[in-house]
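These notes are about the structure you will find just below.
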Amino acid sequence: MAKSAIEIMCSSKGIKLTHQRRVIAKVLSKSEDHPDANLVFKRSSKVDSNISMATVYRTMKLFEDTNIVVVRDFGDGRSRYEIYSNDHHDHLIDTNSGEVIEFVNDQIEELQHKVAKELGYELTGHRLELYGKKI
């Protein structure tokens with residue numbers, strides 16, 4: 001069976017993957033959303049009922065500490081996870097459903113650099129989160 005994105009990242013960083021960590025890695029790699037620890041636990045325990053919430057928390061902390069996942073806070077009181085990537089993107093969060101949409105917009109990127117330059121700065125990074133309700 002092919003390795004998941006997180007399994008490959010773990011291997012490249014020398015992180016030992018136990019069976020339960022491997023399950024969590026596969027669950028996260030297949031996620032098309034930004035799951036919180038509870039969702040990771042629910043999805044993982046469907047695969048292996050022996051996975052505990054504590055195992056999920058320890059594994060997510062390991063993945064966070066080794067830059068395999070990034071923790072995001074979208075203002076709903078839950079820490080959500082996404083796989084670490086060098087590819088930049090921003091987020092639009094639906095305040096009704098909680099859905100998180102990833103997007104890239106060249107005009108926004110250019111404007112941010114322009115604003116920074118006008119204020120006498122060279123932009124070295126940013127994070128943009130937009131919040132709204134679907135119309």
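Chain lettering (A, B, ...) mirrors the order of the structure tokens, residue numbering begins at 1 for each chain separately, and ligand numbering begins at 1 in order of display.
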
ask   = Would you give me, as a ChimeraX atom specification, the residues in range 7-117 of chain A that DSSP reads as helix (DSSP H, G or I)?
value = /A:7-13,19-30,37-47,53-65,106-117

task = Would you kindly return, as a VMD selection string, each protein, DNA or RNA residue with an atom no farther than 7 Å from any atom of Asp94 in chain A, considering only C-alpha atoms and excluding same-chain residues fewer than 5 positions away?
result = chain A and resid 99 to 100 131 to 134

query = Closest to Tyr84 in chain A among A:Asn38, A:Gln20, A:Met9, A:Glu122, using only C-alpha atoms?
reply =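 The answer is A:Met9, which sits nearest to Tyr84 in chain A.
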
message = Quick check, in Å to one decimal: how far apart do CA of Ile83 in chain A and CA of Ser29 in chain A lie?
response =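 CA of Ser29 in chain A lies at a distance of 7.4 Å from CA of Ile83 in chain A.
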
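The shortest atom-to-atom distance to Ser31 in chain A, with only C-alpha atoms taken into account, belongs to A:Glu82 out of A:Asp106, A:Glu118, A:Glu82, A:Glu7.
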
key: Residue with smallest distance to Ser44 in chain A - pool A:His91, A:Arg21, A:His126, A:Arg58, counting only C-alpha atoms   =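 Looking at the shortest contact to Ser44 in chain A, the residue is A:Arg21.
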
request  = Apply DSSP to the structure's backbone, then extract all residues of range 87-130 of chain A labelled strand (DSSP E or B) and return them as a VMD selection string.
outcome  = chain A and resid 90 to 94 100 to 103 129 to 130

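Distance-wise, CA of Gly120 in chain A and CA of Val104 in chain A end up 24.8 Å apart.
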